[in-house]
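Chemist: The structure file target-v8.csv (CSV, C-alpha atoms) is provided below.
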chain,number,residue,atom,x,y,z
A,1,MET,CA,-29.6,-243.4,-25.5
A,2,GLN,CA,-31.0,-245.7,-28.2
A,3,ASP,CA,-28.7,-244.1,-30.8
A,4,VAL,CA,-25.6,-244.6,-28.6
A,5,ARG,CA,-26.5,-248.3,-28.2
A,6,THR,CA,-27.0,-248.7,-31.9
A,7,THR,CA,-23.7,-247.1,-32.6
A,8,GLN,CA,-21.9,-249.3,-30.1
A,9,ARG,CA,-23.4,-252.4,-31.6
A,10,ALA,CA,-22.4,-251.4,-35.0
A,11,ALA,CA,-18.9,-250.8,-33.9
A,12,ALA,CA,-18.6,-254.2,-32.2
A,13,GLY,CA,-20.0,-255.8,-35.3
A,14,GLN,CA,-17.4,-254.1,-37.5
A,15,VAL,CA,-14.5,-255.1,-35.1
A,16,ALA,CA,-15.7,-258.7,-35.3
A,17,ALA,CA,-15.9,-258.6,-39.0
A,18,GLY,CA,-12.3,-257.3,-39.2
A,19,TRP,CA,-11.2,-260.1,-37.0
A,20,ARG,CA,-13.0,-262.7,-39.2
A,21,THR,CA,-10.9,-261.4,-42.1
A,22,SER,CA,-7.7,-261.6,-40.1
A,23,LEU,CA,-8.6,-265.1,-39.0
A,24,GLU,CA,-9.0,-266.3,-42.5
A,25,ALA,CA,-5.7,-264.7,-43.5
A,26,MET,CA,-4.0,-266.4,-40.5
A,27,ARG,CA,-5.5,-269.7,-41.4
A,28,GLY,CA,-4.1,-269.3,-44.9
A,29,GLU,CA,-0.6,-268.5,-43.5
A,30,ARG,CA,-0.7,-271.6,-41.3
A,31,ALA,CA,-1.9,-274.0,-44.0
A,32,HIS,CA,1.4,-274.2,-45.9
A,33,PRO,CA,3.7,-275.0,-43.0
A,34,VAL,CA,1.2,-277.6,-41.7
A,35,GLU,CA,1.1,-279.3,-45.1
A,36,ALA,CA,4.8,-279.2,-45.4
A,37,GLY,CA,5.2,-280.7,-41.9
A,38,ARG,CA,6.9,-277.6,-40.6
A,39,TRP,CA,4.2,-276.6,-38.0
A,40,LEU,CA,6.5,-277.6,-35.2
A,41,GLY,CA,6.7,-276.4,-31.6
A,42,GLY,CA,8.7,-276.9,-28.4
A,43,PRO,CA,12.4,-276.8,-27.9
A,44,ARG,CA,14.4,-276.7,-31.2
A,45,THR,CA,16.9,-279.3,-30.1
A,46,LEU,CA,17.4,-281.9,-27.4
A,47,LEU,CA,20.1,-279.9,-25.7
A,48,TYR,CA,17.7,-277.0,-25.5
A,49,ALA,CA,15.1,-279.3,-24.1
A,50,LEU,CA,17.6,-280.3,-21.5
A,51,GLY,CA,18.3,-276.6,-20.7
A,52,VAL,CA,22.0,-276.7,-21.5
A,53,GLN,CA,22.1,-274.7,-24.7
A,54,GLN,CA,23.7,-271.7,-22.9
A,55,LEU,CA,26.0,-273.6,-20.5
A,56,GLU,CA,29.6,-273.0,-21.3
A,57,LEU,CA,31.0,-276.1,-19.6
A,58,LYS,CA,28.4,-278.4,-21.2
A,59,LEU,CA,29.0,-277.1,-24.7
A,60,THR,CA,32.7,-277.3,-24.2
A,61,ALA,CA,32.3,-280.9,-23.1
A,62,GLY,CA,30.3,-281.5,-26.3
A,63,LEU,CA,33.1,-280.1,-28.4
A,64,ALA,CA,35.6,-282.3,-26.5
A,65,TRP,CA,33.4,-285.3,-27.3
A,66,LEU,CA,33.5,-284.4,-31.0
A,67,LEU,CA,37.3,-283.9,-31.0
A,68,ARG,CA,38.1,-287.3,-29.6
A,69,PRO,CA,39.4,-289.3,-32.5
A,70,ASP,CA,38.0,-292.6,-31.3
A,71,GLY,CA,34.7,-291.2,-30.0
A,72,HIS,CA,31.3,-292.7,-30.4
A,73,HIS,CA,30.3,-289.8,-32.7
A,74,ARG,CA,31.6,-292.0,-35.6
A,75,LEU,CA,33.3,-289.1,-37.3
A,76,GLY,CA,36.8,-290.3,-36.5
A,77,SER,CA,39.3,-287.5,-36.4
A,78,ARG,CA,37.4,-285.3,-39.0
A,79,VAL,CA,36.4,-282.6,-36.5
A,80,LEU,CA,39.8,-282.5,-35.0
A,81,ALA,CA,41.5,-282.3,-38.4
A,82,GLY,CA,39.0,-279.5,-39.4
A,83,MET,CA,39.9,-277.5,-36.3
A,84,LEU,CA,43.6,-278.0,-36.8
A,85,THR,CA,43.3,-276.8,-40.4
A,86,GLU,CA,41.3,-273.8,-39.2
A,87,LEU,CA,44.1,-272.9,-36.9
A,88,GLY,CA,46.9,-273.6,-39.4
A,89,VAL,CA,48.4,-276.3,-37.2
A,90,PRO,CA,50.8,-278.5,-39.2
A,91,TYR,CA,50.1,-282.1,-38.3
A,92,GLU,CA,50.9,-285.6,-39.4
A,93,GLY,CA,48.2,-288.2,-40.1
A,94,ASP,CA,49.1,-290.6,-37.3
A,95,GLU,CA,49.1,-287.8,-34.8
A,96,LEU,CA,45.4,-287.4,-35.1
A,97,SER,CA,44.5,-291.0,-34.1
A,98,ASP,CA,46.8,-290.7,-31.1
A,99,ALA,CA,45.6,-287.3,-29.9
A,100,VAL,CA,44.4,-287.1,-26.3
A,101,VAL,CA,41.5,-284.8,-25.4
A,102,VAL,CA,41.3,-283.5,-21.9
A,103,VAL,CA,38.6,-281.2,-20.4
A,104,GLU,CA,39.0,-278.9,-17.5
A,105,GLU,CA,42.6,-279.6,-16.8
A,106,THR,CA,44.1,-277.8,-13.9
A,107,ARG,CA,47.7,-276.7,-13.3
A,108,LEU,CA,49.4,-274.7,-10.6
A,109,ASP,CA,51.4,-271.6,-11.3
A,110,ASP,CA,54.6,-270.5,-9.5
A,111,ALA,CA,52.4,-268.9,-6.8
A,112,GLU,CA,50.6,-272.3,-6.3
A,113,ARG,CA,47.4,-270.7,-7.7
A,114,GLU,CA,45.2,-273.1,-9.7
A,115,MET,CA,44.5,-272.4,-13.3
A,116,ARG,CA,42.1,-274.3,-15.4
A,117,ALA,CA,42.1,-274.8,-19.1
A,118,ASP,CA,38.7,-275.6,-20.5
A,119,LEU,CA,39.9,-278.0,-23.1
A,120,VAL,CA,43.3,-279.3,-24.2
A,121,VAL,CA,44.2,-281.6,-27.1
A,122,TYR,CA,47.6,-283.2,-26.8
A,123,ALA,CA,49.6,-284.7,-29.7
A,124,ARG,CA,53.3,-285.5,-30.3
A,125,SER,CA,54.2,-282.3,-32.0
A,126,TRP,CA,51.4,-279.9,-31.0
A,127,THR,CA,49.1,-278.9,-28.2
A,128,VAL,CA,45.9,-277.1,-28.6
A,129,VAL,CA,44.6,-275.1,-25.6
A,130,VAL,CA,41.0,-273.9,-25.7
A,131,GLU,CA,39.6,-271.2,-23.5
A,132,ALA,CA,35.8,-271.2,-24.2
A,133,LYS,CA,33.4,-268.4,-23.6
A,134,VAL,CA,29.6,-268.5,-24.0
A,135,HIS,CA,28.3,-265.7,-21.9
A,136,ALA,CA,31.2,-264.6,-19.8
A,137,GLY,CA,34.0,-262.2,-19.6
A,138,GLU,CA,37.6,-262.9,-19.0
A,139,GLN,CA,39.1,-263.2,-15.6
A,140,HIS,CA,42.0,-260.9,-14.7
A,141,GLU,CA,45.1,-262.1,-16.6
A,142,GLN,CA,43.2,-265.3,-17.5
A,143,LEU,CA,44.7,-265.9,-21.0
A,144,GLU,CA,48.1,-264.7,-20.0
A,145,ARG,CA,48.3,-267.3,-17.2
A,146,LEU,CA,47.0,-270.0,-19.5
A,147,HIS,CA,49.7,-269.1,-22.0
A,148,SER,CA,52.3,-269.2,-19.3
A,149,LEU,CA,51.3,-272.6,-17.9
A,150,TRP,CA,50.9,-274.4,-21.3
A,151,GLY,CA,53.4,-272.4,-23.3
A,152,ASP,CA,56.2,-274.9,-22.9
A,153,ASP,CA,54.2,-277.9,-24.2
A,154,PRO,CA,55.0,-279.1,-27.7
A,155,GLY,CA,53.9,-276.8,-30.4
A,156,PRO,CA,51.3,-274.8,-28.4
A,157,PHE,CA,48.3,-273.2,-30.1
A,158,PHE,CA,46.0,-271.1,-28.1
A,159,VAL,CA,42.3,-270.8,-29.0
A,160,PHE,CA,39.9,-268.2,-27.7
A,161,LEU,CA,36.5,-269.7,-28.5
A,162,THR,CA,33.7,-267.1,-28.4
A,163,ARG,CA,30.2,-266.3,-29.6
A,164,GLY,CA,31.0,-264.0,-32.5
A,165,ARG,CA,34.5,-262.5,-33.0
A,166,ARG,CA,36.0,-261.1,-29.9
A,167,THR,CA,39.4,-259.5,-29.1
A,168,PRO,CA,41.1,-261.2,-26.1
A,169,LEU,CA,41.6,-258.7,-23.3
A,170,SER,CA,43.6,-260.7,-20.7
A,171,ALA,CA,46.3,-262.2,-22.9
A,172,GLY,CA,49.0,-259.7,-22.1
A,173,PRO,CA,52.2,-259.8,-24.2
A,174,GLY,CA,51.2,-263.2,-25.7
A,175,ALA,CA,48.0,-261.8,-27.3
A,176,GLY,CA,49.3,-262.5,-30.7
A,177,ASP,CA,49.5,-266.2,-30.0
A,178,TRP,CA,45.7,-266.5,-29.3
A,179,HIS,CA,43.5,-267.4,-32.2
A,180,ASN,CA,39.9,-266.2,-32.0
A,181,VAL,CA,37.6,-269.0,-33.3
A,182,THR,CA,33.8,-268.6,-33.0
A,183,TRP,CA,31.3,-271.3,-32.0
A,184,GLY,CA,29.6,-270.7,-35.3
A,185,ARG,CA,32.8,-271.7,-37.1
A,186,ILE,CA,33.1,-274.8,-34.9
A,187,ALA,CA,29.6,-275.8,-35.9
A,188,ALA,CA,30.5,-275.3,-39.6
A,189,ILE,CA,33.6,-277.5,-39.2
A,190,ALA,CA,31.6,-280.2,-37.5
A,191,ARG,CA,28.8,-279.9,-40.1
A,192,GLU,CA,31.4,-280.3,-42.9
A,193,ALA,CA,32.8,-283.4,-41.1
A,194,THR,CA,29.4,-285.1,-41.2
A,195,HIS,CA,29.2,-284.9,-45.0
A,196,GLY,CA,29.1,-288.4,-46.4
A,197,ARG,CA,29.0,-290.0,-43.0
A,198,GLN,CA,26.4,-291.3,-40.6
A,199,PRO,CA,27.3,-289.7,-37.4
A,200,ALA,CA,25.7,-290.5,-34.0
A,201,PRO,CA,22.4,-288.6,-33.6
A,202,GLY,CA,23.9,-286.5,-30.8
A,203,VAL,CA,26.3,-284.9,-33.3
A,204,CYS,CA,23.5,-283.4,-35.3
A,205,ASP,CA,21.8,-282.1,-32.2
A,206,PHE,CA,25.0,-280.5,-30.9
A,207,ILE,CA,25.7,-278.9,-34.3
A,208,GLU,CA,22.1,-277.6,-34.6
A,209,THR,CA,22.1,-276.2,-31.0
A,210,VAL,CA,25.3,-274.3,-31.7
A,211,GLU,CA,24.0,-273.1,-35.1
A,212,VAL,CA,20.7,-271.9,-33.6
A,213,PHE,CA,21.9,-270.3,-30.3
A,214,HIS,CA,25.5,-269.3,-31.0
A,215,HIS,CA,25.8,-268.5,-34.7
A,216,ASP,CA,28.0,-265.7,-35.9
B,1,MET,CA,-38.7,-283.9,-28.3
B,2,THR,CA,-36.0,-281.4,-27.4
B,3,GLU,CA,-37.2,-278.2,-26.0
B,4,PRO,CA,-35.8,-275.1,-27.8
B,5,LEU,CA,-33.0,-273.5,-25.8
B,6,ASN,CA,-33.4,-270.1,-24.5
B,7,ARG,CA,-30.0,-269.0,-25.8
B,8,PRO,CA,-29.0,-265.4,-26.4
B,9,GLY,CA,-29.6,-264.2,-29.9
B,10,ARG,CA,-26.8,-263.1,-32.3
B,11,ASP,CA,-26.9,-259.6,-31.2
B,12,ASP,CA,-24.1,-257.4,-32.6
B,13,ALA,CA,-23.5,-256.1,-29.1
B,14,ASP,CA,-22.1,-259.7,-28.3
B,15,ALA,CA,-20.1,-259.8,-31.5
B,16,LYS,CA,-16.8,-260.2,-29.8
B,17,ALA,CA,-18.0,-263.0,-27.5
B,18,TRP,CA,-19.6,-264.8,-30.5
B,19,PHE,CA,-16.4,-264.5,-32.4
B,20,TYR,CA,-14.5,-266.2,-29.6
B,21,LEU,CA,-17.0,-269.0,-29.3
B,22,ASP,CA,-17.1,-269.5,-33.0
B,23,HIS,CA,-13.4,-269.6,-33.4
B,24,ARG,CA,-12.2,-270.7,-30.0
B,25,ARG,CA,-10.0,-273.6,-31.3
B,26,ASP,CA,-8.0,-271.3,-33.6
B,27,ILE,CA,-7.8,-268.5,-31.1
B,28,GLU,CA,-6.6,-270.7,-28.2
B,29,GLU,CA,-4.1,-272.6,-30.4
B,30,TRP,CA,-2.6,-269.4,-31.6
B,31,ALA,CA,-2.6,-267.8,-28.2
B,32,ASN,CA,-0.6,-270.8,-26.9
B,33,LEU,CA,2.1,-269.9,-29.4
B,34,ARG,CA,3.1,-267.1,-27.0
B,35,GLY,CA,5.7,-269.4,-25.3
B,36,GLU,CA,7.2,-270.3,-28.7
B,37,GLY,CA,7.4,-266.6,-29.6
B,38,ALA,CA,9.0,-265.8,-26.3
B,39,ALA,CA,11.7,-268.4,-26.7
B,40,LEU,CA,12.5,-267.1,-30.2
B,41,LEU,CA,12.6,-263.5,-28.9
B,42,GLU,CA,15.0,-264.6,-26.2
B,43,ARG,CA,17.3,-266.2,-28.7
B,44,TYR,CA,17.4,-262.8,-30.5
B,45,LEU,CA,18.2,-261.1,-27.2
B,46,TYR,CA,21.1,-263.4,-26.4
B,47,GLY,CA,22.2,-262.7,-30.0
B,48,LEU,CA,22.8,-259.1,-29.1
B,49,GLU,CA,25.8,-260.0,-27.0
B,50,PRO,CA,28.4,-259.7,-29.8
B,51,ALA,CA,27.0,-256.2,-30.6
B,52,VAL,CA,27.3,-255.2,-27.0
B,53,GLN,CA,30.9,-256.4,-27.1
B,54,ALA,CA,31.5,-254.2,-30.1
B,55,LEU,CA,29.8,-251.3,-28.3
B,56,ALA,CA,32.1,-251.9,-25.3
B,57,ASP,CA,35.2,-251.7,-27.6
B,58,ASP,CA,33.8,-248.5,-29.2
B,59,LEU,CA,33.1,-246.9,-25.8
B,60,GLY,CA,36.2,-248.2,-24.0
B,61,ALA,CA,34.1,-250.1,-21.6
B,62,ASP,CA,34.3,-253.6,-20.2
B,63,VAL,CA,31.5,-256.2,-20.5
B,64,GLU,CA,29.8,-257.8,-17.5
B,65,TYR,CA,27.3,-260.7,-17.6
B,66,GLY,CA,24.7,-261.9,-15.2
B,67,ASP,CA,22.4,-264.9,-15.0
B,68,THR,CA,23.0,-265.9,-18.6
B,69,GLU,CA,23.3,-269.5,-17.6
B,70,ALA,CA,20.6,-269.8,-15.0
B,71,GLY,CA,18.3,-267.8,-17.2
B,72,GLU,CA,16.0,-266.0,-14.7
B,73,ASN,CA,17.1,-262.5,-15.4
B,74,PRO,CA,19.7,-262.7,-18.1
B,75,ARG,CA,21.7,-259.5,-18.7
B,76,PHE,CA,24.9,-258.1,-20.1
B,77,GLY,CA,26.2,-254.7,-20.2
B,78,LEU,CA,28.9,-252.2,-19.8
B,79,TYR,CA,31.0,-250.9,-16.9
B,80,LYS,CA,34.2,-249.1,-16.1
B,81,PRO,CA,36.7,-251.1,-14.0
B,82,ARG,CA,37.0,-248.1,-11.6
B,83,TRP,CA,33.3,-248.5,-10.7
B,84,ALA,CA,34.0,-251.9,-9.2
B,85,HIS,CA,33.6,-252.2,-5.4
B,86,GLY,CA,36.8,-254.0,-4.4
B,87,ASP,CA,36.8,-257.1,-6.6
B,88,VAL,CA,33.0,-256.9,-7.2
B,89,VAL,CA,31.6,-255.4,-10.4
B,90,ASP,CA,28.4,-254.2,-8.9
B,91,VAL,CA,27.4,-251.2,-11.1
B,92,VAL,CA,26.6,-252.0,-14.7
B,93,VAL,CA,24.8,-250.2,-17.5
B,94,MET,CA,23.0,-253.2,-19.1
B,95,ILE,CA,20.3,-254.8,-21.2
B,96,GLU,CA,18.2,-257.2,-19.1
B,97,TRP,CA,15.0,-259.2,-19.4
B,98,GLU,CA,13.0,-261.6,-17.3
B,99,ALA,CA,12.9,-264.9,-19.2
B,100,LYS,CA,9.6,-266.1,-17.8
B,101,LYS,CA,7.7,-262.9,-18.4
B,102,LEU,CA,8.6,-262.1,-22.0
B,103,LEU,CA,5.5,-261.5,-24.1
B,104,ARG,CA,3.3,-262.6,-21.2
B,105,GLY,CA,1.2,-259.5,-21.3
B,106,THR,CA,2.0,-258.3,-17.8
B,107,TYR,CA,4.9,-256.4,-16.3
B,108,ASN,CA,8.4,-257.2,-17.7
B,109,GLN,CA,6.9,-258.6,-20.9
B,110,TRP,CA,9.6,-256.5,-22.7
B,111,PRO,CA,13.3,-256.2,-22.0
B,112,TRP,CA,14.7,-253.1,-20.5
B,113,VAL,CA,17.9,-251.0,-20.4
B,114,GLY,CA,19.2,-249.3,-17.3
B,115,VAL,CA,21.8,-249.3,-14.5
B,116,ARG,CA,21.9,-252.2,-12.1
B,117,LEU,CA,23.4,-252.1,-8.7
B,118,ASN,CA,24.1,-255.7,-7.6
B,119,GLY,CA,24.2,-256.3,-3.8
B,120,SER,CA,27.6,-255.9,-2.2
B,121,PRO,CA,28.9,-254.7,1.1
B,122,GLY,CA,28.2,-251.0,1.2
B,123,ALA,CA,25.4,-251.3,-1.3
B,124,LYS,CA,23.0,-249.0,0.7
B,125,GLU,CA,25.5,-246.1,0.6
B,126,ARG,CA,26.1,-246.7,-3.1
B,127,TRP,CA,22.4,-247.0,-3.9
B,128,ASP,CA,21.7,-243.7,-2.2
B,129,ALA,CA,24.5,-242.0,-4.1
B,130,LEU,CA,23.5,-243.4,-7.4
B,131,ALA,CA,19.8,-242.8,-6.9
B,132,ALA,CA,20.4,-239.2,-6.3
B,133,ALA,CA,23.1,-238.7,-9.0
B,134,LEU,CA,20.9,-240.3,-11.6
B,135,ALA,CA,17.8,-238.3,-11.0
B,136,PRO,CA,18.5,-235.9,-13.9
B,137,ALA,CA,19.1,-238.9,-16.2
B,138,ARG,CA,15.8,-240.5,-15.1
B,139,LYS,CA,14.0,-237.3,-16.1
B,140,ALA,CA,15.9,-237.0,-19.4
B,141,LEU,CA,15.3,-240.6,-20.4
B,142,LYS,CA,11.8,-240.8,-19.0
B,143,ALA,CA,13.0,-243.7,-16.9
B,144,GLU,CA,12.1,-245.1,-13.6
B,145,MET,CA,13.8,-246.3,-10.4
B,146,HIS,CA,13.2,-249.6,-8.6
B,147,ASP,CA,15.7,-251.5,-6.5
B,148,PRO,CA,18.2,-252.8,-7.8
B,149,TRP,CA,17.9,-250.4,-10.8
B,150,PRO,CA,18.5,-246.7,-9.9
B,151,ILE,CA,17.4,-246.0,-13.5
B,152,TRP,CA,15.6,-248.3,-16.0
B,153,ARG,CA,13.1,-248.2,-18.8
B,154,TYR,CA,11.5,-250.7,-21.1
B,155,VAL,CA,12.4,-250.9,-24.7
B,156,GLU,CA,9.3,-252.1,-26.6
B,157,PRO,CA,7.7,-252.0,-30.0
B,158,ALA,CA,5.6,-249.0,-30.8
B,159,ALA,CA,2.1,-249.2,-29.4
B,160,THR,CA,0.7,-249.2,-32.9
B,161,ALA,CA,2.9,-251.9,-34.2
B,162,GLU,CA,1.0,-255.0,-35.2
B,163,ARG,CA,4.0,-257.3,-35.2
B,164,VAL,CA,7.0,-257.8,-33.0
B,165,ASP,CA,9.9,-256.7,-35.2
B,166,VAL,CA,12.8,-258.4,-33.4
B,167,ASP,CA,15.4,-256.6,-35.5
B,168,ALA,CA,13.9,-253.2,-34.6
B,169,LEU,CA,13.7,-254.2,-31.0
B,170,GLY,CA,17.3,-255.3,-30.9
B,171,GLN,CA,18.4,-252.0,-32.5
B,172,GLY,CA,16.3,-250.2,-30.0
B,173,LEU,CA,18.0,-252.0,-27.1
B,174,LEU,CA,21.5,-251.3,-28.5
B,175,ALA,CA,20.6,-247.6,-29.1
B,176,GLY,CA,19.1,-247.5,-25.6
B,177,LEU,CA,22.2,-249.0,-24.1
B,178,ARG,CA,24.4,-246.5,-25.8
B,179,GLN,CA,22.2,-243.6,-24.9
B,180,THR,CA,21.9,-244.8,-21.3
B,181,TRP,CA,25.7,-245.1,-21.1
B,182,HIS,CA,26.3,-241.6,-22.4
B,183,VAL,CA,23.7,-240.1,-20.1
B,184,THR,CA,24.6,-242.0,-16.9
B,185,ALA,CA,28.3,-242.8,-17.0
B,186,PRO,CA,29.5,-239.3,-16.0
B,187,ALA,CA,27.0,-239.2,-13.1
B,188,ILE,CA,28.1,-242.7,-12.0
B,189,ASP,CA,31.7,-241.6,-12.1
B,190,THR,CA,30.8,-238.7,-9.8
B,191,ALA,CA,28.6,-240.6,-7.5
B,192,LEU,CA,31.0,-243.5,-6.9
B,193,GLY,CA,34.0,-241.1,-6.9
B,194,SER,CA,32.4,-239.3,-4.0
B,195,ILE,CA,32.1,-242.5,-2.0
B,196,ASP,CA,35.3,-244.3,-2.9
B,197,GLY,CA,37.4,-241.2,-3.0
In structure tokens, what does this structure look like?
Modeler:
Amino acid sequence: MQDVRTTQRAAAGQVAAGWRTSLEAMRGERAHPVEAGRWLGGPRTLLYALGVQQLELKLTAGLAWLLRPDGHHRLGSRVLAGMLTELGVPYEGDELSDAVVVVEETRLDDAEREMRADLVVYARSWTVVVEAKVHAGEQHEQLERLHSLWGDDPGPFFVFLTRGRRTPLSAGPGAGDWHNVTWGRIAAIAREATHGRQPAPGVCDFIETVEVFHHD
Amino acid sequence: MTEPLNRPGRDDADAKAWFYLDHRRDIEEWANLRGEGAALLERYLYGLEPAVQALADDLGADVEYGDTEAGENPRFGLYKPRWAHGDVVDVVVMIEWEAKKLLRGTYNQWPWVGVRLNGSPGAKERWDALAAALAPARKALKAEMHDPWPIWRYVEPAATAERVDVDALGQGLLAGLRQTWHVTAPAIDTALGSIDG
């Protein structure tokens, strides 16, 4: 019996000695980020702290805020111009400042069924219609119906905004008119628009939230 | 004069307890990083969605989502339109996790793959049919059954792994989803076909 106890004590002592070594190694790993001010915790961004980082409507509203040329983001029409360039939309300079951004616009189809576009940007010679997805599939004929309802507006461009590249499934015969743009690409466009500017703090938080949670 | 304390000696048999008392501050600080780690792991899990989309394209399946905004039991996975019950997509082969339990050291600390049957009219009959039809698959995949999952199993790091390799875990989930699809989809076809005609 005495031998068993001695063996058990020795084993416990060895385990603790191993832990002591690990502890020292872990302290060493921690030291550098602490010194560099990178030993940070909690939600990565304010939008994450508010619990909206995965919410499609909230993120789309954030994008709409950035696209508005006279918005308090202090980037002017840079984000809008960047998105139009991404889409290959030909535009004239004065059209940007006059562009109107509308979120969650509803129209009725011939059968009096409501159809909602997540985001629409109107200008004199072009219209950009955005169907945004975060964690959702497409509804039956969703993109086809959007195309039908906004297809007669001036110079329509249809954007399927997704996490990572995604092939639209509900676009029907107009599938070729839909441009797949990723949230990650939107973040890059917005990030580019901030260069040399002093944007409102919310801009950086929105961009970082998209970069962290919805990168390509 | 202070009396000497009658404290236990530094006996090797108490080595673990002494280690905790000696290093409590570090140990507790690091243990409290569990929530940070879980949040990071969850970001990786959400990041699997494009790969699931690609898998759906590869397998000719559609993608269904659940709870991805409310966050209690986020999930996404694959289904065939003909499995739908009327307009309701209720049977999905999916990746799922319980956000508040990740890495917590108890049940559901790891994500799982399986087949979920969401509640819908006629769910009892569909549950019974799926539970019976998926019995061979449960055996083949060493999986379990628990309402609303007629088949499910955790995907977790190897018991001997010291670190949580999120890339390996993600690959394991995607491989598990693909495997579960291949093993269960024919049985689901048959089970639901026998009900819906």
Chemist: Enumerate as a ChimeraX atom specification the residues belonging to chain B that approach chain A to within 6 Å, with all atoms listed in the file taken into account.
Modeler: /B:12-13,15-16,50,65,69
Chemist: Record the distance separating CA of Ala56 (chain B) and CA of Leu169 (chain B), expressed in Å with one decimal.
Modeler: 19.4 Å
Chemist: Work out how far apart CA of Pro74 (chain B) and CA of Leu45 (chain B) are and give it in Å to one decimal.
Modeler: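 Here the two named atoms are 9.4 Å from each other.
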Chemist: Could you give me, as a ChimeraX atom specification, the residues that sit within 12 Å of (49.5, -273.3, -27.9) in the file's coordinates, counting only C-alpha atoms?
Modeler: /A:84,87-89,117,119-123,125-131,143-144,146-160,174-179
Chemist: Write out, as a CSV table (one decimal), in the coordinates of the input, the residues just selected, with C-alpha atoms.
Modeler:
chain,number,residue,atom,x,y,z
A,84,LEU,CA,43.6,-278.0,-36.8
A,87,LEU,CA,44.1,-272.9,-36.9
A,88,GLY,CA,46.9,-273.6,-39.4
A,89,VAL,CA,48.4,-276.3,-37.2
A,117,ALA,CA,42.1,-274.8,-19.1
A,119,LEU,CA,39.9,-278.0,-23.1
A,120,VAL,CA,43.3,-279.3,-24.2
A,121,VAL,CA,44.2,-281.6,-27.1
A,122,TYR,CA,47.6,-283.2,-26.8
A,123,ALA,CA,49.6,-284.7,-29.7
A,125,SER,CA,54.2,-282.3,-32.0
A,126,TRP,CA,51.4,-279.9,-31.0
A,127,THR,CA,49.1,-278.9,-28.2
A,128,VAL,CA,45.9,-277.1,-28.6
A,129,VAL,CA,44.6,-275.1,-25.6
A,130,VAL,CA,41.0,-273.9,-25.7
A,131,GLU,CA,39.6,-271.2,-23.5
A,143,LEU,CA,44.7,-265.9,-21.0
A,144,GLU,CA,48.1,-264.7,-20.0
A,146,LEU,CA,47.0,-270.0,-19.5
A,147,HIS,CA,49.7,-269.1,-22.0
A,148,SER,CA,52.3,-269.2,-19.3
A,149,LEU,CA,51.3,-272.6,-17.9
A,150,TRP,CA,50.9,-274.4,-21.3
A,151,GLY,CA,53.4,-272.4,-23.3
A,152,ASP,CA,56.2,-274.9,-22.9
A,153,ASP,CA,54.2,-277.9,-24.2
A,154,PRO,CA,55.0,-279.1,-27.7
A,155,GLY,CA,53.9,-276.8,-30.4
A,156,PRO,CA,51.3,-274.8,-28.4
A,157,PHE,CA,48.3,-273.2,-30.1
A,158,PHE,CA,46.0,-271.1,-28.1
A,159,VAL,CA,42.3,-270.8,-29.0
A,160,PHE,CA,39.9,-268.2,-27.7
A,174,GLY,CA,51.2,-263.2,-25.7
A,175,ALA,CA,48.0,-261.8,-27.3
A,176,GLY,CA,49.3,-262.5,-30.7
A,177,ASP,CA,49.5,-266.2,-30.0
A,178,TRP,CA,45.7,-266.5,-29.3
A,179,HIS,CA,43.5,-267.4,-32.2
Chemist: For the contact check between region 95-178 of chain B and region 185-192 of chain B, emit one row per residue of region 95-178 of chain B within 8 Å, containing the shortest atom pair and the distance in Å rounded to one decimal, counting all atoms listed in the file, chain then rising number order, as JSON lines.
Modeler:
{"residue": "B:Arg126", "atom": "CA", "partner": "B:Leu192", "partner_atom": "CA", "distance": 7.0}
{"residue": "B:Ala129", "atom": "CA", "partner": "B:Ala191", "partner_atom": "CA", "distance": 5.5}
{"residue": "B:Leu130", "atom": "CA", "partner": "B:Ala191", "partner_atom": "CA", "distance": 5.8}
{"residue": "B:Ala133", "atom": "CA", "partner": "B:Ala187", "partner_atom": "CA", "distance": 5.7}
{"residue": "B:Leu134", "atom": "CA", "partner": "B:Ala187", "partner_atom": "CA", "distance": 6.4}
Chemist: Taking only C-alpha atoms into account, which of A:His140, A:Lys133, A:Arg191, A:Arg30 comes nearest Glu49 (chain B)?
Modeler: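 Under the stated criterion, the closest residue is A:Lys133.
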Chemist: For the atom pair CA of Ala81 (chain A) and CA of Thr209 (chain A), what is the interatomic distance in Å to one decimal place?
Modeler: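 Atom-to-atom, CA of Ala81 (chain A) and CA of Thr209 (chain A) are spaced 21.6 Å apart.
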